[in-house]
$ cat model20.txt   # compact mmCIF, C-alpha atoms
# COMPACT_ATOMS: atom_id res chain seq x y z
CA MET A 559 -8.08 75.10 -75.37
CA ARG A 560 -5.05 72.75 -75.28
CA THR A 561 -4.41 69.06 -75.82
CA SER A 562 -1.29 66.93 -75.58
CA LEU A 563 -0.39 64.09 -77.92
CA GLY A 564 1.01 60.75 -76.78
CA PRO A 565 4.75 60.09 -76.99
CA ARG A 566 4.52 57.74 -79.97
CA ALA A 567 1.30 58.99 -81.49
CA ALA A 568 1.20 58.86 -85.27
CA VAL A 569 -2.21 60.43 -85.63
CA MET A 570 -4.20 63.04 -83.78
CA SER A 571 -6.34 62.06 -80.82
CA VAL A 572 -10.08 61.69 -81.24
CA SER A 573 -10.70 64.84 -79.21
CA THR A 574 -8.31 66.81 -81.39
CA ALA A 575 -9.97 65.48 -84.55
CA LEU A 576 -13.41 66.45 -83.22
CA ALA A 577 -12.13 69.91 -82.36
CA LEU A 578 -10.70 70.36 -85.83
CA ALA A 579 -14.00 69.30 -87.32
CA THR A 580 -15.62 72.32 -85.68
CA LEU A 581 -13.14 74.79 -87.22
CA PRO A 582 -14.54 76.94 -90.01
CA VAL A 583 -13.32 75.78 -93.39
CA ALA A 584 -11.96 78.48 -95.64
CA SER A 585 -10.34 78.44 -99.04
CA PRO A 586 -6.70 79.61 -99.37
CA ALA A 587 -7.85 82.66 -101.30
CA LEU A 588 -10.24 83.64 -98.52
CA LEU A 589 -7.59 83.08 -95.84
CA HIS A 590 -5.13 85.35 -97.63
CA ALA A 591 -7.83 87.89 -98.12
CA GLN A 592 -8.25 88.15 -94.36
CA GLY A 593 -4.73 89.56 -93.99
CA GLU A 594 -1.24 88.41 -93.08
CA THR A 595 0.53 88.39 -89.73
CA THR A 596 3.61 87.05 -87.95
CA LEU A 597 3.56 84.19 -85.48
CA ARG A 598 6.42 84.28 -82.97
CA GLY A 599 6.03 81.72 -80.20
CA THR A 600 8.08 80.03 -77.52
CA ILE A 601 8.62 76.37 -76.59
CA TYR A 602 9.24 75.58 -72.92
CA SER A 603 10.16 72.45 -71.03
CA GLU A 604 8.53 71.74 -67.68
CA GLY A 605 9.55 74.34 -65.15
CA GLY A 606 9.39 77.12 -67.72
CA THR A 607 12.90 76.69 -69.16
CA PRO A 608 13.21 77.51 -72.90
CA LEU A 609 13.64 74.40 -75.06
CA SER A 610 15.79 74.45 -78.18
CA GLY A 611 15.60 72.18 -81.22
CA ALA A 612 11.84 71.58 -81.04
CA GLN A 613 10.05 71.27 -84.37
CA VAL A 614 6.88 73.32 -84.76
CA ARG A 615 4.25 72.58 -87.40
CA PHE A 616 0.65 73.45 -88.17
CA SER A 617 -2.06 70.79 -88.21
CA ALA A 618 -4.91 72.61 -89.91
CA PRO A 619 -5.66 74.45 -92.05
CA LEU A 620 -1.98 75.40 -92.71
CA ARG A 621 -0.54 71.90 -92.66
CA ASN A 622 1.48 72.58 -95.84
CA VAL A 623 3.51 75.40 -94.27
CA ALA A 624 7.15 74.34 -93.71
CA ALA A 625 8.10 73.54 -90.11
CA ALA A 626 10.15 75.89 -87.92
CA THR A 627 12.70 74.96 -85.22
CA SER A 628 13.03 76.65 -81.84
CA ASP A 629 16.34 78.40 -81.12
CA GLU A 630 18.36 78.50 -77.89
CA ALA A 631 15.81 80.86 -76.37
CA GLY A 632 13.02 78.44 -77.31
CA VAL A 633 11.69 80.91 -79.88
CA PHE A 634 10.22 79.91 -83.26
CA ALA A 635 8.75 82.17 -85.92
CA PHE A 636 6.54 82.11 -89.02
CA ALA A 637 6.03 85.10 -91.29
CA LYS A 638 3.14 86.20 -93.51
CA LEU A 639 0.52 83.82 -92.20
CA PRO A 640 -3.13 84.19 -93.14
CA ALA A 641 -5.57 85.10 -90.40
CA GLY A 642 -7.83 82.51 -88.84
CA PRO A 643 -7.89 79.60 -86.38
CA VAL A 644 -5.05 77.05 -86.55
CA TRP A 645 -3.52 74.23 -84.51
CA VAL A 646 0.17 74.67 -83.59
CA VAL A 647 1.99 71.42 -82.78
CA GLY A 648 5.42 71.15 -81.12
CA ARG A 649 7.55 67.99 -81.08
CA ARG A 650 11.01 67.05 -79.91
CA ILE A 651 12.97 63.82 -79.42
CA GLY A 652 12.57 62.69 -75.83
CA TYR A 653 9.53 64.88 -75.10
CA ARG A 654 5.79 64.45 -75.30
CA PRO A 655 4.31 66.51 -78.16
CA ASP A 656 2.03 69.41 -77.32
CA SER A 657 -0.55 71.26 -79.40
CA VAL A 658 -2.49 74.45 -78.92
CA LEU A 659 -5.39 75.99 -80.84
CA ILE A 660 -4.90 79.69 -81.55
CA THR A 661 -6.52 82.33 -83.71
CA ILE A 662 -4.12 84.29 -85.89
CA PRO A 663 -5.21 87.95 -86.01
CA ALA A 664 -5.68 89.79 -89.28
CA SER A 665 -2.59 91.91 -88.57
CA GLY A 666 0.12 92.27 -85.97
CA GLU A 667 1.73 89.36 -84.18
CA ALA A 668 0.60 86.20 -82.41
CA ARG A 669 2.70 84.81 -79.52
CA PRO A 670 1.63 81.27 -78.60
CA ALA A 671 3.52 79.21 -76.00
CA LEU A 672 3.81 75.43 -75.81
CA THR A 673 5.20 73.25 -73.02
CA LEU A 674 6.80 69.88 -73.82
CA ARG A 675 7.29 67.44 -70.97
CA ARG A 676 10.17 64.96 -70.89
CA LEU A 677 9.36 61.31 -71.42
CA PRO A 678 10.28 59.14 -68.41
CA GLN A 679 13.90 57.94 -68.47
CA SER A 680 15.82 55.73 -66.07
CA LEU A 681 18.96 57.89 -66.11
CA ALA A 682 19.57 59.89 -62.97
CA ALA A 683 20.90 63.42 -63.29
CA VAL A 684 24.61 64.04 -62.75
CA GLN A 685 24.76 66.08 -59.53
CA VAL A 686 27.46 68.74 -59.21
CA ASN A 687 27.70 69.83 -55.57
CA GLY A 688 29.88 72.89 -55.77
CA ARG A 689 33.43 71.63 -56.22
CA ARG A 690 33.43 68.94 -53.57
CA ASP A 691 33.36 65.94 -55.91
CA MET A 692 35.78 67.15 -58.55
CA THR A 693 38.13 64.74 -60.28
CA GLY A 694 41.05 65.26 -62.64
CA ALA A 695 44.10 67.52 -62.68
CA MET A 696 42.29 70.63 -61.41
CA ALA A 697 40.64 68.92 -58.43
CA GLY A 698 43.63 69.65 -56.18
CA PHE A 699 43.77 73.28 -57.35
CA TYR A 700 40.17 73.98 -56.34
CA HIS A 701 40.51 71.98 -53.12
CA ARG A 702 43.48 74.09 -52.02
CA GLN A 703 41.65 77.26 -53.01
CA GLN A 704 38.56 76.35 -50.98
CA THR A 705 40.36 75.04 -47.89
CA GLY A 706 42.27 78.28 -47.46
CA ALA A 707 45.78 77.24 -48.50
CA GLY A 708 47.99 80.29 -48.03
CA GLY A 709 48.46 81.20 -51.68
CA ARG A 710 47.04 83.44 -54.37
CA PHE A 711 44.91 81.57 -56.92
CA PHE A 712 44.19 82.63 -60.50
CA THR A 713 41.29 80.70 -62.03
CA LEU A 714 40.71 80.35 -65.75
CA ALA A 715 37.97 83.01 -65.61
CA GLU A 716 40.24 85.50 -63.82
CA ILE A 717 43.13 84.89 -66.22
CA ASP A 718 40.79 85.56 -69.15
CA ARG A 719 39.33 88.64 -67.47
CA ARG A 720 42.74 90.20 -66.74
CA ASN A 721 43.87 89.53 -70.34
CA ALA A 722 47.55 90.07 -69.44
CA SER A 723 49.97 89.93 -72.36
CA ASN A 724 52.63 88.08 -70.35
CA MET A 725 53.05 86.28 -67.03
CA THR A 726 54.93 89.07 -65.23
CA ASP A 727 52.12 91.50 -66.04
CA LEU A 728 49.65 89.02 -64.53
CA LEU A 729 51.72 88.71 -61.35
CA ARG A 730 52.65 92.36 -61.07
CA GLY A 731 51.01 94.06 -58.11
CA LEU A 732 50.49 90.91 -56.02
CA PRO A 733 51.46 91.44 -52.36
CA GLY A 734 55.02 90.26 -51.77
CA ILE A 735 55.83 89.97 -55.50
CA ARG A 736 58.27 92.26 -57.26
CA ILE A 737 59.30 92.26 -60.91
CA GLU A 738 62.92 93.04 -61.79
CA SER A 739 63.89 93.96 -65.34
CA ARG A 740 67.37 93.21 -66.62
CA GLY A 741 67.96 93.85 -70.26
CA MET A 742 65.23 92.10 -72.28
CA MET A 743 64.08 89.79 -69.45
CA ASN A 744 61.79 90.20 -66.48
CA TYR A 745 62.51 88.28 -63.29
CA VAL A 746 60.02 87.41 -60.56
CA ARG A 747 61.15 87.69 -56.97
CA VAL A 748 59.19 87.01 -53.79
CA ARG A 749 59.50 89.44 -50.87
CA ASN A 750 63.17 90.22 -50.15
CA SER A 751 64.63 87.06 -51.66
CA ARG A 752 67.30 87.30 -54.32
CA CYS A 753 66.76 83.80 -55.72
CA ALA A 754 64.20 82.61 -58.25
CA PRO A 755 60.94 80.99 -57.11
CA LEU A 756 60.47 77.28 -57.68
CA VAL A 757 58.15 76.73 -60.66
CA TRP A 758 55.93 73.67 -61.10
CA LEU A 759 54.22 72.82 -64.40
CA ASP A 760 51.34 70.31 -64.32
CA GLY A 761 52.68 68.63 -61.18
CA GLN A 762 56.32 68.47 -62.30
CA ALA A 763 59.00 70.73 -60.76
CA LEU A 764 61.19 72.67 -63.22
CA TYR A 765 64.54 72.25 -61.47
CA ALA A 766 66.71 73.47 -64.34
CA GLY A 767 67.19 76.89 -62.71
CA GLU A 768 65.70 80.30 -63.47
CA VAL A 769 62.49 79.91 -65.47
CA ASP A 770 61.60 82.67 -67.91
CA LEU A 771 57.91 82.97 -67.01
CA ASP A 772 57.30 85.39 -69.87
CA ALA A 773 58.06 82.53 -72.24
CA PHE A 774 54.58 81.26 -71.32
CA ASP A 775 51.33 82.81 -72.48
CA PRO A 776 49.15 83.30 -69.37
CA ARG A 777 46.09 82.35 -71.43
CA SER A 778 47.54 78.86 -71.90
CA PHE A 779 46.90 78.09 -68.22
CA GLU A 780 43.73 76.96 -66.53
CA GLY A 781 44.97 77.75 -63.03
CA ILE A 782 47.93 79.44 -61.36
CA GLU A 783 48.98 79.24 -57.70
CA VAL A 784 51.47 81.66 -56.11
CA TYR A 785 52.99 81.00 -52.67
CA SER A 786 55.23 83.61 -51.07
CA GLY A 787 57.22 81.38 -48.71
CA PRO A 788 57.82 77.89 -47.36
CA ALA A 789 55.34 78.33 -44.51
CA THR A 790 52.42 78.57 -46.95
CA VAL A 791 53.51 76.06 -49.61
CA PRO A 792 51.55 72.75 -49.65
CA VAL A 793 53.77 69.78 -48.89
CA GLU A 794 53.45 68.37 -52.41
CA PHE A 795 55.20 71.48 -53.79
CA MET A 796 58.04 71.71 -51.26
CA GLY A 797 60.78 70.72 -53.70
CA ASN A 798 63.91 68.77 -52.80
CA GLN A 799 67.53 69.28 -51.78
CA ARG A 800 68.47 70.71 -55.17
CA MET A 801 65.93 73.49 -55.06
CA SER A 802 63.50 74.39 -52.30
CA SER A 803 60.47 76.62 -51.90
CA ALA A 804 62.34 79.09 -49.69
CA CYS A 805 62.25 81.70 -52.47
CA GLY A 806 58.57 81.23 -53.17
CA THR A 807 56.67 78.81 -55.37
CA ILE A 808 54.59 79.25 -58.53
CA VAL A 809 52.41 76.36 -59.69
CA LEU A 810 51.09 76.35 -63.28
CA TRP A 811 48.26 74.17 -64.60
CA SER A 812 47.93 73.98 -68.38
CA ARG A 813 44.63 74.69 -70.02
CA ARG A 814 43.14 71.63 -71.65
CA GLY A 815 41.93 71.73 -75.24
CA GLU A 816 38.69 73.64 -75.47
CA PRO A 817 35.77 71.43 -76.58
CA ARG A 818 33.79 74.33 -78.02
CA PRO A 819 32.24 73.53 -81.39
CA LYS A 820 33.89 74.86 -84.51
CA ARG A 821 32.29 77.84 -86.15
CA ALA A 822 29.50 76.48 -88.30
CA LYS A 823 30.06 76.75 -92.02
CA LYS A 824 27.37 77.76 -94.43
CA ASN A 825 24.84 74.96 -95.00
CA GLU A 826 26.60 72.76 -92.44
CA PRO A 827 24.09 70.53 -90.60
CA THR A 828 23.19 71.36 -87.03
CA PRO A 829 23.67 68.80 -84.21
CA LEU A 830 19.93 68.09 -84.33
CA GLU A 831 20.06 67.53 -88.10
CA ARG A 832 22.97 65.11 -87.66
CA ILE A 833 20.98 63.18 -85.07
CA ALA A 834 17.92 63.09 -87.34
CA LYS A 835 20.05 61.75 -90.20
CA LEU A 836 21.50 58.97 -88.04
CA MET A 837 17.99 58.01 -86.92
CA ASP A 838 16.55 58.14 -90.45
CA GLU A 839 19.35 55.81 -91.61
CA GLY A 840 18.62 53.38 -88.77
CA LYS A 841 22.05 53.93 -87.21
CA ALA A 842 20.94 55.59 -83.96
CA PHE A 843 17.97 54.92 -81.70
CA VAL A 844 16.12 56.61 -78.85
CA HIS A 845 16.04 55.02 -75.41
CA THR A 846 12.62 53.42 -75.95
CA ASP A 847 13.89 51.46 -78.96
CA VAL A 848 16.86 49.68 -77.34
CA ASP A 849 16.99 46.67 -75.04
CA ARG A 850 19.53 48.30 -72.71
CA VAL A 851 20.02 52.04 -72.61
CA ALA A 852 23.39 53.77 -72.69
CA PHE A 853 24.58 55.19 -69.37
CA PRO A 854 27.66 56.91 -67.90
CA ASP A 855 30.37 54.64 -66.52
CA SER A 856 30.05 55.32 -62.78
CA GLY A 857 33.58 54.10 -62.16
CA MET A 858 34.93 56.90 -64.37
CA LEU A 859 32.33 59.59 -63.76
CA VAL A 860 33.49 63.02 -64.95
CA LYS A 861 31.74 65.96 -63.32
CA PRO A 862 31.73 69.48 -64.79
CA VAL A 863 33.71 72.26 -63.14
CA TYR A 864 31.35 74.71 -61.48
CA PRO A 865 31.75 78.04 -63.38
CA ASP A 866 33.64 80.59 -61.25
CA SER A 867 31.13 83.45 -61.32
CA LEU A 868 28.14 81.19 -60.61
CA PHE A 869 30.04 79.36 -57.87
CA ASP A 870 30.97 82.64 -56.18
CA ALA A 871 27.37 83.86 -56.44
CA MET A 872 26.03 80.52 -55.14
CA THR A 873 23.82 80.20 -58.21
CA GLY A 874 22.44 76.75 -58.98
CA GLY A 875 21.05 75.52 -62.25
CA ARG A 876 20.40 72.72 -64.69
CA VAL A 877 21.52 71.67 -68.17
CA ILE A 878 20.00 68.88 -70.24
CA ALA A 879 22.57 67.78 -72.80
CA GLU A 880 21.62 65.93 -75.98
CA PHE A 881 24.16 63.84 -77.90
CA VAL A 882 24.68 60.45 -79.51
CA VAL A 883 26.72 57.77 -77.72
CA ASP A 884 28.53 55.55 -80.22
CA THR A 885 29.13 51.80 -79.98
CA ASN A 886 32.50 52.41 -78.26
CA GLY A 887 30.85 54.35 -75.45
CA LYS A 888 32.06 57.81 -76.50
CA ALA A 889 29.90 60.86 -77.17
CA ILE A 890 29.85 62.05 -80.78
CA MET A 891 30.52 65.72 -80.09
CA ASP A 892 29.22 66.89 -83.49
CA THR A 893 25.79 65.90 -82.16
CA PHE A 894 26.13 67.69 -78.81
CA SER A 895 23.80 70.52 -77.86
CA ALA A 896 22.27 71.86 -74.67
CA ILE A 897 18.57 71.54 -75.35
CA THR A 898 17.68 73.44 -72.20
CA TYR A 899 19.70 75.32 -69.59
CA THR A 900 19.13 77.85 -66.82
CA ASP A 901 22.36 79.77 -67.47
CA ARG A 902 24.59 79.56 -70.52
CA LEU A 903 27.75 79.57 -68.36
CA PHE A 904 26.91 76.00 -67.32
CA VAL A 905 26.96 74.71 -70.91
CA GLU A 906 30.71 74.68 -71.69
CA PRO A 907 31.69 72.79 -68.51
CA VAL A 908 29.01 70.22 -69.38
CA ARG A 909 30.32 69.97 -72.94
CA ARG A 910 33.82 69.26 -71.64
CA ALA A 911 32.59 66.66 -69.15
CA VAL A 912 30.56 64.86 -71.84
CA ARG A 913 33.56 64.78 -74.17
CA GLU A 914 35.76 63.20 -71.47
CA GLN A 915 33.12 60.82 -70.07
CA GLN A 916 33.14 57.11 -70.88
CA PHE A 917 29.69 55.53 -71.38
CA GLN A 918 28.37 52.01 -71.50
CA PRO A 919 26.87 51.81 -75.02
CA ALA A 920 23.28 50.85 -75.72
CA TYR A 921 22.42 47.28 -76.65
CA ARG A 922 19.75 46.27 -79.15
CA LYS A 923 18.92 42.77 -80.35
CA ASN A 924 22.32 41.18 -80.93
CA GLY A 925 24.81 43.97 -80.53
CA PHE A 926 25.80 47.45 -79.45
CA VAL A 927 24.12 50.38 -81.20
CA MET A 928 24.32 54.16 -81.15
CA GLN A 929 21.77 55.89 -78.95
CA VAL A 930 20.47 59.44 -78.59
CA MET A 931 20.99 60.41 -74.96
CA HIS A 932 19.42 63.17 -72.89
CA LEU A 933 21.62 63.57 -69.81
CA PRO A 934 20.63 66.10 -67.11
CA PHE A 935 23.25 67.92 -65.04
CA ASP A 936 22.11 69.58 -61.81
CA PHE A 937 24.37 72.21 -60.24
CA TYR A 938 23.96 72.82 -56.50
CA PRO A 939 25.90 75.61 -54.76
CA ASP A 940 27.95 74.46 -51.78
CA SER A 941 27.26 76.85 -48.90
CA THR A 942 30.13 75.41 -46.84
CA ALA A 943 32.80 76.19 -49.44
CA ARG A 944 35.21 79.09 -49.14
CA ARG A 945 34.48 81.71 -51.81
CA ARG A 946 36.87 83.89 -53.79
CA ARG A 947 39.03 86.11 -51.62

$ encode --input "model20.txt" --output "structure tokens"
Amino acid sequence: MRTSLGPRAAVMSVSTALALATLPVASPALLHAQGETTLRGTIYSEGGTPLSGAQVRFSAPLRNVAAATSDEAGVFAFAKLPAGPVWVVGRRIGYRPDSVLITIPASGEARPALTLRRLPQSLAAVQVNGRRDMTGAMAGFYHRQQTGAGGRFFTLAEIDRRNASNMTDLLRGLPGIRIESRGMMNYVRVRNSRCAPLVWLDGQALYAGEVDLDAFDPRSFEGIEVYSGPATVPVEFMGNQRMSSACGTIVLWSRRGEPRPKRAKKNEPTPLERIAKLMDEGKAFVHTDVDRVAFPDSGMLVKPVYPDSLFDAMTGGRVIAEFVVDTNGKAIMDTFSAITYTDRLFVEPVRRAVREQQFQPAYRKNGFVMQVMHLPFDFYPDSTARRRR
């Protein structure tokens, strides 16, 4: 037997109240006498995706038991519960509550499941179609990789996977590349050339002469392009009269600051607790309590980079990000969390996109206010794109 509560319901429905009236009434002593068990359930969103940050409580007869919160896998747990029938209620900001009547056994474990459905919102999902609509510094890198430019491309994921201690170790073994050691320095040479390759850093040519590539940590780069000769070098990296691409070209793209959250300290509030505090203080509102909802600035829309392994495997997915948009139209990243996702590899690109995105802030009564936003991101694999070679 299952019933769902309304989105703004403050009390139980009549049907729920009637159902509770039929439950056998037992004293706490009698309940404990029946035995103790563990309740370990799961909260899902529609479609069967685990939902994090949902609060789970009991209605009766264990209404005084402290609430639990679902983790990233949607799992919540209660220990040492007395046996007997009980209503389990799940709630989350932006979702319709759900309740289910279960009977806790005298021993063992109960595993209830609840499904919370999103409340209607006017915001459309951000659609990520492979890497076709990318913007920013790395857009050209991925475009050249996919269109078959005649170079060798190292993505961020491959650089991390190789874990090379220096640049020459990363490049060693590439066709047409040889590493020469003279004294304490290593020199990169392309094919049979005796001159140094032209090096570009974030779109700027380093014309000063021989560049000591080992002075750079390979892990400081988000992408690296290596071209063995002028016939394969894109026109934008051809160089000039002072130094040409005849001896090969290496293009370096610096890794941007990682937006990953800091390691949580003991007793530090979670993103959900920060949001709850802002709402309790009347500083932040949900979309139903504002006159005009916050929304991404379409003129400056930032789309996440499709993760390399999922892009290569043509794996699609979805992330619903939760965060607070302040009155200046920026996301407060201490409140960011992925409340549901199909693959964790999608989460960090979404986090970075949210941090860089400009929003139009919410408006309420006579001014701008902070708003809790649930923004979906849908990732669609692009079957026409060239995959990793």

$ closest_residue --input "model20.txt" --among "A:Glu630, A:Glu768, A:Thr790, A:Arg730" --to "Tyr899 of chain A" --atoms "all atoms listed in the file"
A:Glu630

$ closest_residue --input "model20.txt" --among "A:Val769, A:Leu859, A:Val930, A:Val908" --to "Lys841 of chain A" --atoms "only C-alpha atoms"
A:Val930

$ atom_distance --input "model20.txt" --atom1 "atom CA of Gln916 of chain A" --atom2 "atom CA of Asp936 of chain A"
19.0 Å

$ residues_around --input "model20.txt" --residues "Leu677 of chain A" --least-positions-apart "4" --cutoff "12 Å" --atoms "all atoms listed in the file" --output "ChimeraX atom specification"
/A:564-566,603-604,649-655,681,844-846,932

$ closest_residue --input "model20.txt" --among "A:Val644, A:Met837, A:Leu903, A:Ala754" --to "Met928 of chain A" --atoms "all atoms listed in the file"
A:Met837

$ residues_around --input "model20.txt" --residues "segment 731-744 of chain A" --least-positions-apart "3" --cutoff "12 Å" --atoms "all atoms listed in the file" --output "ChimeraX atom specification"
/A:709-712,724-728,747-755,768-773,783-787,805-808

$ residues_near_point --input "model20.txt" --point "(30.3, 56.4, -58.3)" --cutoff "12 Å" --atoms "all atoms listed in the file" --output "list in words"
Val684, Gln685, Asp691, Thr693, Pro854, Asp855, Ser856, Gly857, Met858, Leu859, Val860 and Lys861 of chain A

$ atom_distance --input "model20.txt" --atom1 "atom CA of Tyr921 of chain A" --atom2 "atom CA of Pro827 of chain A"
27.2 Å

$ atom_distance --input "model20.txt" --atom1 "atom CA of Val647 of chain A" --atom2 "atom CA of Leu659 of chain A"
8.9 Å

$ axis_aligned_box --input "model20.txt" --around "segment 594-600 of chain A" --padding-each-side "8 Å" --output "lines of an AutoDock Vina configuration file"
center_x = 3.4
center_y = 84.2
center_z = -85.3
size_x = 25.3
size_y = 24.4
size_z = 31.6

$ closest_residue --input "model20.txt" --among "A:Phe853, A:Trp811, A:Phe616, A:Phe636" --to "Gly648 of chain A" --atoms "all atoms listed in the file"
A:Phe616

$ closest_residue --input "model20.txt" --among "A:Asp656, A:Glu667, A:Asp760, A:Asp870" --to "Gly694 of chain A" --atoms "all atoms listed in the file"
A:Asp760

$ residues_around --input "model20.txt" --residues "Trp758 of chain A" --least-positions-apart "6" --cutoff "7 Å" --atoms "all atoms listed in the file" --output "list in words"
Leu764, Ile808, Val809 and Leu810 of chain A

$ closest_residue --input "model20.txt" --among "A:Arg922, A:Arg689, A:Arg910, A:Arg902" --to "Tyr938 of chain A" --atoms "all atoms listed in the file"
A:Arg689

$ residues_around --input "model20.txt" --residues "Ala624 of chain A" --least-positions-apart "6" --cutoff "12 Å" --atoms "all atoms listed in the file" --output "NGL selection string"
:A and (613-617 or 635-637 or 639)

$ residues_around --input "model20.txt" --residues "segment 879-883 of chain A" --least-positions-apart "2" --cutoff "6 Å" --atoms "only C-alpha atoms" --output "list of chain:residue names"
A:Gly887, A:Lys888, A:Ala889, A:Ile890, A:Thr893, A:Phe894, A:Ser895, A:Ala896, A:Met928, A:Gln929, A:Val930, A:Met931, A:His932, A:Leu933

$ residues_near_point --input "model20.txt" --point "(5.8, 77.2, -69.0)" --cutoff "6 Å" --atoms "only C-alpha atoms" --output "PDB file with C-alpha atoms, in the coordinates of the input"
ATOM      1  CA  TYR A 602       9.240  75.580 -72.920  1.00  0.00           C
ATOM      2  CA  GLY A 606       9.390  77.120 -67.720  1.00  0.00           C
ATOM      3  CA  THR A 673       5.200  73.250 -73.020  1.00  0.00           C
TER       4      THR A 673
END
